[in-house]
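Here is coords-v7.txt, consisting of compact mmCIF, C-alpha atoms:
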```txt
# COMPACT_ATOMS: atom_id res chain seq x y z
CA MET A 21 -60.84 2.42 67.83
CA VAL A 22 -57.56 4.35 67.80
CA ARG A 23 -57.64 8.14 67.39
CA ILE A 24 -54.74 9.01 65.07
CA LEU A 25 -53.23 12.41 64.28
CA CYS A 26 -51.23 11.98 61.09
CA VAL A 27 -48.49 14.65 60.76
CA THR A 28 -46.62 14.89 57.48
CA PRO A 29 -44.57 17.44 55.55
CA SER A 30 -46.06 16.30 52.22
CA LEU A 31 -49.19 14.49 51.11
CA THR A 32 -47.80 11.36 49.54
CA SER A 33 -49.41 8.18 48.29
CA ARG A 34 -48.02 6.22 51.26
CA VAL A 35 -49.87 8.47 53.70
CA ILE A 36 -53.12 7.91 51.80
CA ARG A 37 -52.61 4.14 51.53
CA GLU A 38 -52.06 3.57 55.24
CA MET A 39 -54.66 5.98 56.55
CA THR A 40 -57.36 4.82 54.11
CA ALA A 41 -56.93 1.23 55.31
CA LEU A 42 -57.01 2.33 58.96
CA ARG A 43 -60.11 4.46 58.52
CA LYS A 44 -61.88 1.60 56.75
CA LYS A 45 -61.30 -0.50 59.88
CA GLY A 46 -63.06 2.10 62.04
CA HIS A 47 -60.14 4.18 63.35
CA LYS A 48 -60.36 7.96 63.53
CA THR A 49 -57.80 9.58 61.22
CA GLU A 50 -57.04 13.30 61.07
CA LEU A 51 -54.31 15.06 59.10
CA ALA A 52 -51.90 17.88 59.94
CA TYR A 53 -50.16 18.80 56.71
CA TRP A 54 -47.15 21.07 56.15
CA GLY A 55 -47.90 21.49 52.45
CA ILE A 56 -44.84 20.68 50.35
CA GLY A 57 -45.93 18.82 47.23
CA ASN A 58 -49.15 16.97 46.58
CA SER A 59 -49.16 13.75 44.57
CA VAL A 60 -52.68 12.63 45.51
CA SER A 61 -56.20 13.70 44.52
CA HIS A 62 -58.81 15.41 46.71
CA THR A 63 -61.00 12.30 46.49
CA GLU A 64 -58.19 10.13 47.85
CA ILE A 65 -57.65 12.58 50.72
CA LYS A 66 -61.36 12.33 51.63
CA TYR A 67 -61.10 8.52 51.75
CA ALA A 68 -58.19 8.77 54.20
CA PHE A 69 -59.11 11.58 56.62
CA GLU A 70 -62.07 12.93 58.55
CA SER A 71 -60.52 16.39 58.86
CA ILE A 72 -57.41 18.30 57.78
CA TYR A 73 -55.33 20.98 59.49
CA GLU A 74 -52.68 23.03 57.74
CA ILE A 75 -49.46 23.66 59.61
CA PRO A 76 -48.73 27.39 59.12
CA LYS A 77 -45.54 28.54 57.42
CA SER A 78 -43.77 31.74 58.43
CA HIS A 79 -42.28 32.34 54.97
CA ARG A 80 -42.84 30.28 51.83
CA ARG A 81 -39.32 30.82 50.44
CA LEU A 82 -37.83 29.61 53.72
CA GLU A 83 -40.01 26.53 54.15
CA HIS A 84 -37.18 24.02 53.75
CA TYR A 85 -35.02 25.92 56.25
CA GLU A 86 -37.87 25.92 58.78
CA LEU A 87 -38.04 22.15 58.46
CA LEU A 88 -34.50 21.88 59.82
CA PHE A 89 -35.52 23.05 63.30
CA PRO A 90 -38.08 21.27 65.53
CA PHE A 91 -38.82 24.36 67.66
CA LYS A 92 -40.55 25.91 64.61
CA PHE A 93 -43.46 23.53 65.28
CA LYS A 94 -43.79 24.09 69.02
CA LYS A 95 -46.66 26.58 68.62
CA PHE A 96 -48.58 24.28 66.29
CA PHE A 97 -48.46 21.30 68.64
CA LYS A 98 -49.26 23.44 71.68
CA ASN A 99 -52.35 24.80 69.91
CA MET A 100 -53.63 21.34 68.94
CA SER A 101 -56.08 19.53 71.23
CA ILE A 102 -53.67 16.65 71.77
CA GLU A 103 -55.95 15.02 74.34
CA ASP A 104 -58.29 14.14 71.42
CA TYR A 105 -55.77 11.62 70.05
CA ASP A 106 -54.28 8.32 71.19
CA VAL A 107 -51.22 8.37 68.95
CA ILE A 108 -49.36 10.73 66.62
CA HIS A 109 -48.20 9.16 63.35
CA THR A 110 -45.43 11.19 61.68
CA TYR A 111 -43.62 10.74 58.38
CA SER A 112 -39.97 11.13 57.50
CA ASN A 113 -38.11 13.44 55.19
CA PHE A 114 -38.27 15.83 56.94
CA ASP A 115 -37.68 14.40 60.42
CA THR A 116 -38.27 17.53 62.51
CA LEU A 117 -42.02 16.92 62.74
CA THR A 118 -41.31 13.63 64.52
CA ILE A 119 -38.92 15.31 66.95
CA ALA A 120 -41.34 18.18 67.62
CA ALA A 121 -44.25 15.78 68.21
CA LYS A 122 -42.17 13.94 70.78
CA GLU A 123 -40.84 17.09 72.49
CA TYR A 124 -44.05 19.15 72.59
CA THR A 125 -46.73 16.52 73.23
CA TYR A 126 -47.21 13.70 75.74
CA LYS A 127 -48.67 11.18 73.28
CA PRO A 128 -46.83 8.17 71.80
CA VAL A 129 -45.24 8.98 68.43
CA ILE A 130 -44.92 6.58 65.49
CA TYR A 131 -42.16 7.47 63.01
CA ASP A 132 -42.95 6.25 59.49
CA VAL A 133 -39.76 6.12 57.42
CA ARG A 134 -40.93 6.76 53.87
CA ASP A 135 -37.36 7.70 52.92
CA MET A 136 -34.19 7.89 55.00
CA THR A 137 -32.79 11.42 54.70
CA THR A 138 -29.17 10.33 54.98
CA LEU A 139 -29.47 7.91 52.05
CA PHE A 140 -29.80 10.85 49.64
CA SER A 141 -26.67 12.45 48.19
CA LEU A 142 -25.40 15.87 49.28
CA GLU A 143 -26.21 17.22 45.80
CA THR A 144 -29.86 16.24 46.18
CA HIS A 145 -30.16 17.96 49.55
CA LEU A 146 -28.40 21.15 48.43
CA LYS A 147 -31.05 21.68 45.73
CA ASN A 148 -33.55 22.32 48.54
CA TYR A 149 -31.46 24.92 50.31
CA ILE A 150 -29.01 26.70 47.99
CA PRO A 151 -29.81 28.51 44.70
CA PRO A 152 -28.15 27.03 41.55
CA ARG A 153 -25.57 29.79 41.07
CA LEU A 154 -24.41 29.61 44.68
CA ARG A 155 -24.14 25.81 44.47
CA GLU A 156 -21.47 26.28 41.81
CA MET A 157 -19.23 28.13 44.31
CA MET A 158 -17.02 25.55 46.00
CA PHE A 159 -16.73 27.45 49.29
CA ILE A 160 -20.50 27.87 49.63
CA LYS A 161 -21.11 24.28 48.61
CA SER A 162 -18.54 22.91 51.05
CA PHE A 163 -19.34 25.10 54.04
CA ALA A 164 -23.13 25.21 53.73
CA GLY A 165 -23.27 21.58 52.64
CA LYS A 166 -21.47 20.44 55.78
CA LEU A 167 -23.77 22.47 58.07
CA ILE A 168 -26.93 21.23 56.37
CA MET A 169 -25.87 17.57 56.28
CA ASN A 170 -24.82 17.63 59.93
CA ARG A 171 -28.22 19.03 60.89
CA LEU A 172 -30.08 16.48 58.75
CA LYS A 173 -28.06 13.59 60.21
CA ALA A 174 -28.68 14.78 63.77
CA ASN A 175 -32.40 15.17 63.10
CA GLU A 176 -32.69 11.71 61.58
CA LYS A 177 -30.87 10.06 64.49
CA LYS A 178 -33.05 11.85 67.05
CA ALA A 179 -36.27 10.97 65.20
CA PHE A 180 -35.35 7.28 65.14
CA GLU A 181 -34.19 7.10 68.74
CA SER A 182 -36.85 9.28 70.41
CA SER A 183 -39.97 7.90 68.72
CA ASP A 184 -42.00 5.20 70.44
CA GLY A 185 -42.35 3.07 67.32
CA THR A 186 -40.91 2.99 63.82
CA VAL A 187 -42.42 1.82 60.51
CA PHE A 188 -39.95 0.87 57.76
CA THR A 189 -40.96 0.52 54.11
CA SER A 190 -38.41 -2.21 53.29
CA GLU A 191 -36.09 -4.65 55.04
CA TYR A 192 -33.10 -3.02 53.38
CA MET A 193 -34.09 0.35 54.87
CA ARG A 194 -34.50 -1.30 58.28
CA ASP A 195 -31.01 -2.79 58.02
CA CYS A 196 -29.55 0.56 56.98
CA ALA A 197 -30.98 2.19 60.10
CA LEU A 198 -30.24 -0.56 62.62
CA THR A 199 -26.95 -1.93 61.30
CA LYS A 200 -25.25 0.58 59.01
CA LYS A 201 -26.24 3.68 60.97
CA GLY A 202 -26.43 1.95 64.34
CA TYR A 203 -29.58 3.74 65.52
CA ASN A 204 -31.15 2.53 68.76
CA VAL A 205 -34.76 2.01 67.69
CA ASN A 206 -37.63 1.04 70.00
CA GLU A 207 -40.58 -0.96 68.65
CA TYR A 208 -40.57 -1.37 64.84
CA ILE A 209 -42.30 -3.11 61.95
CA VAL A 210 -41.81 -3.33 58.18
CA LEU A 211 -44.94 -2.35 56.22
CA TYR A 212 -44.77 -2.07 52.43
CA ASN A 213 -46.57 0.50 50.26
CA TYR A 214 -49.48 -1.82 49.54
CA LEU A 215 -52.59 -0.49 47.80
CA PRO A 216 -55.86 -0.56 49.83
CA SER A 217 -58.76 -2.52 48.34
CA MET A 218 -60.70 0.77 48.30
CA PHE A 219 -58.80 1.64 45.11
CA LEU A 220 -59.54 -1.56 43.22
CA PRO A 221 -62.07 -1.31 40.38
CA LYS A 222 -65.44 -3.01 40.81
CA LYS A 223 -65.00 -4.72 37.45
CA TRP A 224 -61.74 -5.78 35.80
CA PRO A 225 -61.02 -4.95 32.13
CA LYS A 226 -60.05 -7.16 29.21
CA LYS A 227 -56.36 -7.33 28.30
CA HIS A 228 -55.06 -5.25 25.38
CA SER A 229 -53.25 -8.38 24.21
CA LYS A 230 -56.55 -10.21 23.66
CA ALA A 231 -57.28 -7.77 20.85
CA ASP A 232 -53.93 -7.53 19.05
CA GLY A 233 -51.80 -10.47 20.24
CA LYS A 234 -48.94 -8.17 21.31
CA ILE A 235 -47.29 -7.96 24.73
CA HIS A 236 -48.42 -4.84 26.59
CA ILE A 237 -46.21 -3.33 29.30
CA ALA A 238 -47.28 -0.66 31.83
CA TYR A 239 -45.01 1.95 33.36
CA VAL A 240 -46.35 4.16 36.17
CA GLY A 241 -44.35 7.09 37.54
CA PHE A 242 -43.47 10.76 37.60
CA LEU A 243 -41.74 11.67 34.33
CA SER A 244 -38.51 13.65 34.41
CA LEU A 245 -35.36 14.11 32.36
CA THR A 246 -33.00 14.27 35.34
CA GLY A 247 -31.74 11.99 38.12
CA TYR A 248 -32.83 8.39 38.42
CA ARG A 249 -36.08 9.24 36.63
CA ASP A 250 -34.17 9.96 33.40
CA ILE A 251 -35.28 6.68 31.84
CA LEU A 252 -36.54 7.58 28.37
CA SER A 253 -33.71 5.74 26.62
CA ILE A 254 -34.58 2.59 28.60
CA LEU A 255 -38.31 2.84 27.98
CA LYS A 256 -37.73 2.90 24.22
CA PHE A 257 -36.49 -0.71 24.37
CA PHE A 258 -39.98 -1.80 25.41
CA ALA A 259 -41.84 0.02 22.63
CA HIS A 260 -41.25 -1.69 19.30
CA ASP A 261 -42.05 -4.83 17.30
CA ASP A 262 -44.53 -6.90 19.32
CA MET A 263 -44.17 -4.92 22.56
CA VAL A 264 -46.39 -1.94 23.39
CA LEU A 265 -45.52 0.39 26.27
CA HIS A 266 -48.28 2.27 28.14
CA ILE A 267 -47.03 5.17 30.30
CA TYR A 268 -49.07 6.64 33.18
CA GLY A 269 -48.25 9.64 35.34
CA GLY A 270 -47.56 13.35 35.54
CA GLY A 271 -44.16 14.98 35.16
CA THR A 272 -42.15 18.08 34.47
CA PRO A 273 -43.34 20.22 31.52
CA GLU A 274 -40.18 19.38 29.56
CA ALA A 275 -40.56 15.64 30.07
CA LEU A 276 -44.27 15.60 29.32
CA SER A 277 -43.68 17.49 26.07
CA ILE A 278 -41.12 14.93 24.88
CA TYR A 279 -43.17 11.91 25.95
CA LYS A 280 -46.29 13.23 24.23
CA LYS A 281 -44.39 13.93 21.01
CA MET A 282 -42.92 10.43 21.02
CA SER A 283 -46.39 9.01 21.62
CA LYS A 284 -47.51 10.63 18.37
CA THR A 285 -44.61 9.26 16.29
CA ASN A 286 -44.34 5.72 17.73
CA GLN A 287 -47.57 3.72 17.90
CA ASN A 288 -45.95 1.29 20.37
CA PHE A 289 -45.07 4.13 22.79
CA ILE A 290 -48.32 5.40 24.33
CA TYR A 291 -48.51 8.18 26.91
CA GLU A 292 -51.86 7.55 28.59
CA GLY A 293 -51.90 10.46 31.06
CA LYS A 294 -52.38 10.73 34.82
CA PHE A 295 -55.21 8.94 36.63
CA PRO A 296 -56.53 8.73 40.21
CA LEU A 297 -55.65 5.47 41.96
CA ARG A 298 -58.84 3.49 41.32
CA GLN A 299 -58.88 4.30 37.60
CA LEU A 300 -55.11 3.77 37.39
CA THR A 301 -55.45 0.23 38.75
CA TYR A 302 -58.14 -0.50 36.16
CA GLU A 303 -56.00 0.89 33.33
CA ILE A 304 -52.77 -0.95 34.15
CA ALA A 305 -54.69 -4.21 34.58
CA LYS A 306 -55.16 -4.08 30.79
CA SER A 307 -51.42 -4.69 30.40
CA ASP A 308 -49.55 -7.97 30.82
CA ILE A 309 -46.48 -6.77 32.75
CA GLY A 310 -45.48 -3.83 34.98
CA LEU A 311 -42.07 -2.18 34.50
CA ILE A 312 -39.66 -0.67 37.07
CA PRO A 313 -36.60 0.59 35.11
CA PHE A 314 -34.57 2.48 37.76
CA PHE A 315 -30.81 1.97 37.70
CA PRO A 316 -29.16 3.63 40.72
CA HIS A 317 -26.70 6.02 39.04
CA THR A 318 -27.87 8.92 41.23
CA ASP A 319 -28.69 8.60 44.95
CA PRO A 320 -27.69 4.91 44.75
CA GLU A 321 -28.26 4.14 48.44
CA HIS A 322 -31.73 5.66 48.32
CA ILE A 323 -32.68 3.68 45.21
CA GLN A 324 -31.38 0.46 46.78
CA SER A 325 -33.61 0.99 49.82
CA ILE A 326 -37.04 1.70 48.34
CA LEU A 327 -39.98 -0.41 47.23
CA PRO A 328 -41.85 2.11 45.03
CA ASN A 329 -45.62 2.48 44.96
CA LYS A 330 -45.76 1.27 41.37
CA LEU A 331 -44.63 -2.21 42.46
CA PHE A 332 -47.76 -2.62 44.57
CA ASP A 333 -49.98 -0.93 41.98
CA TYR A 334 -48.91 -3.59 39.48
CA LEU A 335 -49.48 -6.43 41.93
CA ALA A 336 -52.89 -5.06 42.98
CA ALA A 337 -53.77 -5.01 39.28
CA GLY A 338 -52.71 -8.66 39.05
CA ILE A 339 -49.74 -8.26 36.70
CA PRO A 340 -46.16 -9.53 37.26
CA VAL A 341 -43.19 -7.17 37.46
CA LEU A 342 -40.06 -6.70 35.35
CA SER A 343 -37.59 -4.65 37.39
CA ALA A 344 -34.10 -3.26 37.18
CA PRO A 345 -31.89 -4.48 40.04
CA SER A 346 -31.93 -2.78 43.43
CA LYS A 347 -31.41 -4.54 46.75
CA ALA A 348 -34.90 -3.99 48.20
CA LEU A 349 -36.70 -4.76 44.93
CA GLU A 350 -34.63 -7.82 44.12
CA ASP A 351 -35.20 -9.27 47.60
CA PHE A 352 -38.96 -8.68 47.46
CA ILE A 353 -39.53 -9.91 43.91
CA THR A 354 -37.41 -13.03 44.40
CA LYS A 355 -38.93 -13.90 47.79
CA ASN A 356 -42.53 -13.46 46.62
CA LYS A 357 -41.99 -14.88 43.11
CA VAL A 358 -43.87 -12.01 41.44
CA GLY A 359 -41.50 -11.11 38.62
CA LYS A 360 -38.04 -11.00 37.11
CA ILE A 361 -34.94 -8.82 37.51
CA PHE A 362 -33.17 -7.59 34.39
CA GLN A 363 -29.62 -6.23 34.20
CA LYS A 364 -28.83 -3.22 32.04
CA GLU A 365 -26.68 -5.38 29.75
CA LEU A 366 -29.82 -7.29 28.75
CA LEU A 367 -31.04 -4.21 26.87
CA LYS A 368 -28.32 -4.99 24.30
CA ASP A 369 -29.60 -8.56 23.91
CA TYR A 370 -33.10 -8.13 22.55
CA LYS A 371 -33.70 -11.84 22.03
CA SER A 372 -32.90 -12.70 25.66
CA LEU A 373 -34.98 -9.76 26.90
CA CYS A 374 -37.97 -11.00 24.88
CA GLY A 375 -37.48 -14.48 26.33
CA MET A 376 -37.59 -13.09 29.88
CA ILE A 377 -40.72 -11.09 29.11
CA GLU A 378 -42.48 -14.06 27.53
CA ASN A 379 -41.64 -16.14 30.61
CA LEU A 380 -43.36 -13.50 32.78
CA LEU A 381 -46.62 -14.04 30.93
CA HIS A 382 -47.00 -17.36 32.78
CA PHE A 383 -46.82 -15.78 36.26
CA LYS A 384 -50.00 -15.79 38.34
CA ILE A 385 -50.44 -13.00 40.89
CA ASN A 386 -52.79 -13.33 43.87
CA ARG A 387 -53.95 -9.74 44.38
CA LYS A 388 -55.20 -10.32 47.92
CA ASN A 389 -51.68 -11.11 49.15
CA PHE A 390 -50.54 -7.61 48.21
CA LEU A 391 -53.27 -5.36 49.54
CA MET A 392 -52.91 -2.98 52.50
CA ASP A 393 -56.08 -4.42 54.03
CA THR A 394 -54.34 -7.78 54.43
CA HIS A 395 -51.36 -6.33 56.32
CA ILE A 396 -52.61 -3.22 58.15
CA SER A 397 -53.08 -5.24 61.36
CA LYS A 398 -49.29 -5.00 61.85
CA LEU A 399 -49.62 -1.23 62.23
CA GLU A 400 -52.69 -1.56 64.46
CA GLU A 401 -50.74 -3.87 66.77
CA LEU A 402 -47.82 -1.41 66.86
CA TYR A 403 -50.25 1.32 67.93
CA ARG A 404 -51.63 -0.87 70.71
CA ARG A 405 -48.19 -1.73 72.06
CA THR A 406 -46.97 1.88 72.11
CA ILE A 407 -50.22 3.24 73.58
CA LYS A 408 -50.12 0.60 76.35
CA HIS A 409 -46.61 1.72 77.33
```
Please lay out the structure from this file as structure tokens.
Amino acid sequence: MVRILCVTPSLTSRVIREMTALRKKGHKTELAYWGIGNSVSHTEIKYAFESIYEIPKSHRRLEHYELLFPFKFKKFFKNMSIEDYDVIHTYSNFDTLTIAAKEYTYKPVIYDVRDMTTLFSLETHLKNYIPPRLREMMFIKSFAGKLIMNRLKANEKKAFESSDGTVFTSEYMRDCALTKKGYNVNEYIVLYNYLPSMFLPKKWPKKHSKADGKIHIAYVGFLSLTGYRDILSILKFFAHDDMVLHIYGGGTPEALSIYKKMSKTNQNFIYEGKFPLRQLTYEIAKSDIGLIPFFPHTDPEHIQSILPNKLFDYLAAGIPVLSAPSKALEDFITKNKVGKIFQKELLKDYKSLCGMIENLLHFKINRKNFLMDTHISKLEELYRRTIKH
């Protein structure tokens, strides 16, 4: 048994997926949580952790600024009973928690790179630190932007090079860190955002298509009208004639309002709502295909590097994937033969798009190959190697 202190700025699905699988195998998992964002349910948190500690903030409005400086977390780590743990597992974006864990404790630190900070654009980062009106002032944007980016770059480099082990979420992200950025990384593995078997339904549903003969497509994701999530115009292509689109997830109030209105006027465009993981897997298994429609027009390097959770939700549900092109996704889908890649130009050629979708209906997905339980031993072995050192 390994005693793990999981330290993260935000409670994300990746944290839950890894820690749930580890706890199921008998490891002790506890959480120290900074508290920015929460995309998981209380039930899912209980599956993953025995106990939870909140990392105190000095000022809510300054929380992102605090996350620029590792010394802000010195008191927290000094007050923790570090001797109760064998390893500290930290998560990226923000990277200061990794640095602080390494500087203020004597335990091995695993750095889990959910996202690489430096693969986001300056504009994306400035939204966290500078109010909208000030961002419009060129001097403020240039001067403050340079200071913030320099700090973020320095933090990322130090997190990579000081940690005892690193977990990447894709090969492309690994190559960005080791080759493009030239970071000197110690032990590392690549572990995808697989879904644990804990979140599979006990009984699988019948397909929608068995009832109406149409092709049913699932899309899972946070709904927004900005950035790379501004995909409404693309989703419409998959919601007419003999194709029915089922949409799952939360979103901004503006986006949810538009999606719900469209769901009322187009019977092939169905907003289903937001579900916890186990129910979500059951619901999307009713569809024939899972959709990933992100084209990297904003934060292109970031989009190229990620393998989103929805990919592994679809595969755990046993359905093949139709994805827009990005380097990490294209490599994974092609290598594992679990779907097709479509170019944006194909949206103008409805006949060819339908042919690609119909071809996907013949794909067979082996769920077991894409579950966290099957691959979590890679992380266990990384723990053992770093603890031994």
Taking into account only C-alpha atoms, which residue in the set A:Lys166, A:Lys234, A:Lys227, A:Lys95 is nearest to His260 in chain A? A:Lys234
Rank A:Ala348, A:Met376, A:Ile24, A:Ile209 by their smallest atom-to-atom distance to Leu51 in chain A, using all atoms listed in the file, and report the top residue only. A:Ile24
Separation of CA of Asp132 in chain A from CA of Phe188 in chain A in Å: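 About the pair CA of Phe188 in chain A and CA of Asp132 in chain A: they are 6.4 Å apart.
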In the coordinate frame of the file, compute which residues have an atom within 12 Å of (-49.0, -8.4, 52.9) when using only C-alpha atoms, and state them as a short mmCIF file (atom, residue, chain, number, x, y, z; two decimals) with C-alpha atoms, in the frame of the given file.
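In the end it all went to point.cif:
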```
data_model
loop_
_atom_site.label_atom_id
_atom_site.label_comp_id
_atom_site.auth_asym_id
_atom_site.auth_seq_id
_atom_site.Cartn_x
_atom_site.Cartn_y
_atom_site.Cartn_z
CA VAL A 210 -41.81 -3.33 58.18
CA LEU A 211 -44.94 -2.35 56.22
CA TYR A 212 -44.77 -2.07 52.43
CA ASN A 213 -46.57 0.50 50.26
CA TYR A 214 -49.48 -1.82 49.54
CA LEU A 215 -52.59 -0.49 47.80
CA PRO A 216 -55.86 -0.56 49.83
CA PHE A 332 -47.76 -2.62 44.57
CA LEU A 335 -49.48 -6.43 41.93
CA ALA A 336 -52.89 -5.06 42.98
CA PHE A 352 -38.96 -8.68 47.46
CA ASN A 356 -42.53 -13.46 46.62
CA ASN A 386 -52.79 -13.33 43.87
CA ARG A 387 -53.95 -9.74 44.38
CA LYS A 388 -55.20 -10.32 47.92
CA ASN A 389 -51.68 -11.11 49.15
CA PHE A 390 -50.54 -7.61 48.21
CA LEU A 391 -53.27 -5.36 49.54
CA MET A 392 -52.91 -2.98 52.50
CA ASP A 393 -56.08 -4.42 54.03
CA THR A 394 -54.34 -7.78 54.43
CA HIS A 395 -51.36 -6.33 56.32
CA ILE A 396 -52.61 -3.22 58.15
CA SER A 397 -53.08 -5.24 61.36
CA LYS A 398 -49.29 -5.00 61.85
CA LEU A 399 -49.62 -1.23 62.23
#
```
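For the residues A:Ser253, A:Thr125, A:Thr138, A:Thr285, ranking by smallest atom-to-atom distance to Lys200 in chain A using all atoms listed in the file places A:Thr138 first.
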Name the closest residue to Tyr131 in chain A among the candidates A:Thr199, A:Asn206, A:Thr32, A:Asn170; distances are taken between atoms, counting all atoms listed in the file. A:Asn206
Which polymer residues have any atom within 12 Å of an atom of Ala174 in chain A, counting only C-alpha atoms, with same-chain residues fewer than 5 positions away left out, as a PyMOL selection string? chain A and resi 88-90+114-116+119+137-138+167-169+179-182+201+203
Show which residues sit within 9 Å of Ala259 in chain A, as an mmCIF file with C-alpha atoms, in the frame of the given file. Count all atoms listed in the file, and ignore same-chain residues fewer than 2 positions away.
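As written to disk, around_0.cif reads:
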```cif
data_model
loop_
_atom_site.group_PDB
_atom_site.id
_atom_site.type_symbol
_atom_site.label_atom_id
_atom_site.label_comp_id
_atom_site.auth_asym_id
_atom_site.auth_seq_id
_atom_site.Cartn_x
_atom_site.Cartn_y
_atom_site.Cartn_z
ATOM 1 C CA ILE A 237 -46.210 -3.330 29.300
ATOM 2 C CA LEU A 255 -38.310 2.840 27.980
ATOM 3 C CA LYS A 256 -37.730 2.900 24.220
ATOM 4 C CA PHE A 257 -36.490 -0.710 24.370
ATOM 5 C CA ASP A 261 -42.050 -4.830 17.300
ATOM 6 C CA ASP A 262 -44.530 -6.900 19.320
ATOM 7 C CA MET A 263 -44.170 -4.920 22.560
ATOM 8 C CA VAL A 264 -46.390 -1.940 23.390
ATOM 9 C CA LEU A 265 -45.520 0.390 26.270
ATOM 10 C CA HIS A 266 -48.280 2.270 28.140
ATOM 11 C CA ASN A 286 -44.340 5.720 17.730
ATOM 12 C CA GLN A 287 -47.570 3.720 17.900
ATOM 13 C CA ASN A 288 -45.950 1.290 20.370
ATOM 14 C CA PHE A 289 -45.070 4.130 22.790
ATOM 15 C CA ILE A 290 -48.320 5.400 24.330
#
```
Point out the residue among A:Asp308, A:Glu64, A:Glu74, A:Glu38 with the least atom-to-atom distance to Pro340 in chain A, counting all atoms listed in the file.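 Closest candidate: A:Asp308.
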Closest of A:Pro128, A:Asn113, A:Arg37, A:Tyr192 to Lys173 in chain A - atom-to-atom distances counting only C-alpha atoms: A:Asn113
Do you know which residues are at most 9 Å from Glu191 in chain A counting all atoms listed in the file, after dropping those on the same chain fewer than 2 positions away, and could you put them as a PyMOL selection string? chain A and resi 188-189+193-196+210+325+348+351
Suppose we keep C-alpha atoms; can you now write the selection as an mmCIF file, in the frame of the given file?
```cif
data_model
loop_
_atom_site.group_PDB
_atom_site.id
_atom_site.type_symbol
_atom_site.label_atom_id
_atom_site.label_comp_id
_atom_site.auth_asym_id
_atom_site.auth_seq_id
_atom_site.Cartn_x
_atom_site.Cartn_y
_atom_site.Cartn_z
ATOM 1 C CA PHE A 188 -39.950 0.870 57.760
ATOM 2 C CA THR A 189 -40.960 0.520 54.110
ATOM 3 C CA MET A 193 -34.090 0.350 54.870
ATOM 4 C CA ARG A 194 -34.500 -1.300 58.280
ATOM 5 C CA ASP A 195 -31.010 -2.790 58.020
ATOM 6 C CA CYS A 196 -29.550 0.560 56.980
ATOM 7 C CA VAL A 210 -41.810 -3.330 58.180
ATOM 8 C CA SER A 325 -33.610 0.990 49.820
ATOM 9 C CA ALA A 348 -34.900 -3.990 48.200
ATOM 10 C CA ASP A 351 -35.200 -9.270 47.600
#
```
Coordinates-based distance that separates CA of Tyr124 in chain A from CA of Val60 in chain A (Å, one decimal): 29.2 Å
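CA of Leu380 in chain A is found 6.6 Å from CA of Gly359 in chain A.
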So that I can see what lies close to Asp135 in chain A, please list as a ChimeraX atom specification the residues with an atom at most 8 Å from it, counting only C-alpha atoms and leaving out residues fewer than 4 positions away in the same chain. /A:112-113,139,322,326
Box dimensions and centre (Å, one decimal) enclosing range 29-40 of chain A, axis-aligned, 6 Å extra per side, as lines of an AutoDock Vina configuration file:
```
center_x = -51.0
center_y = 10.5
center_z = 52.4
size_x = 24.8
size_y = 25.9
size_z = 20.3
```
Your completed range 198-208 of chain A with N, CA and C atoms, as a short mmCIF file (atom, residue, chain, number, x, y, z; two decimals), in the frame of the given file:
```
data_model
loop_
_atom_site.label_atom_id
_atom_site.label_comp_id
_atom_site.auth_asym_id
_atom_site.auth_seq_id
_atom_site.Cartn_x
_atom_site.Cartn_y
_atom_site.Cartn_z
N LEU A 198 -30.66 0.18 61.43
CA LEU A 198 -30.24 -0.56 62.62
C LEU A 198 -28.78 -0.98 62.58
N THR A 199 -28.31 -1.38 61.40
CA THR A 199 -26.95 -1.93 61.30
C THR A 199 -25.93 -0.92 60.77
N LYS A 200 -26.21 -0.35 59.60
CA LYS A 200 -25.25 0.58 59.01
C LYS A 200 -25.12 1.87 59.81
N LYS A 201 -26.27 2.43 60.21
CA LYS A 201 -26.24 3.68 60.97
C LYS A 201 -26.12 3.44 62.47
N GLY A 202 -26.54 2.27 62.93
CA GLY A 202 -26.43 1.95 64.34
C GLY A 202 -27.42 2.67 65.24
N TYR A 203 -28.59 3.04 64.70
CA TYR A 203 -29.58 3.74 65.52
C TYR A 203 -30.20 2.78 66.53
N ASN A 204 -30.47 3.30 67.71
CA ASN A 204 -31.15 2.53 68.76
C ASN A 204 -32.66 2.78 68.64
N VAL A 205 -33.34 1.86 68.00
CA VAL A 205 -34.76 2.01 67.69
C VAL A 205 -35.59 1.21 68.69
N ASN A 206 -36.73 1.76 69.09
CA ASN A 206 -37.63 1.04 70.00
C ASN A 206 -38.45 0.02 69.21
N GLU A 207 -39.72 -0.05 69.40
CA GLU A 207 -40.58 -0.96 68.65
C GLU A 207 -40.50 -0.64 67.15
N TYR A 208 -40.54 -1.66 66.28
CA TYR A 208 -40.57 -1.37 64.84
C TYR A 208 -41.25 -2.50 64.08
#
```
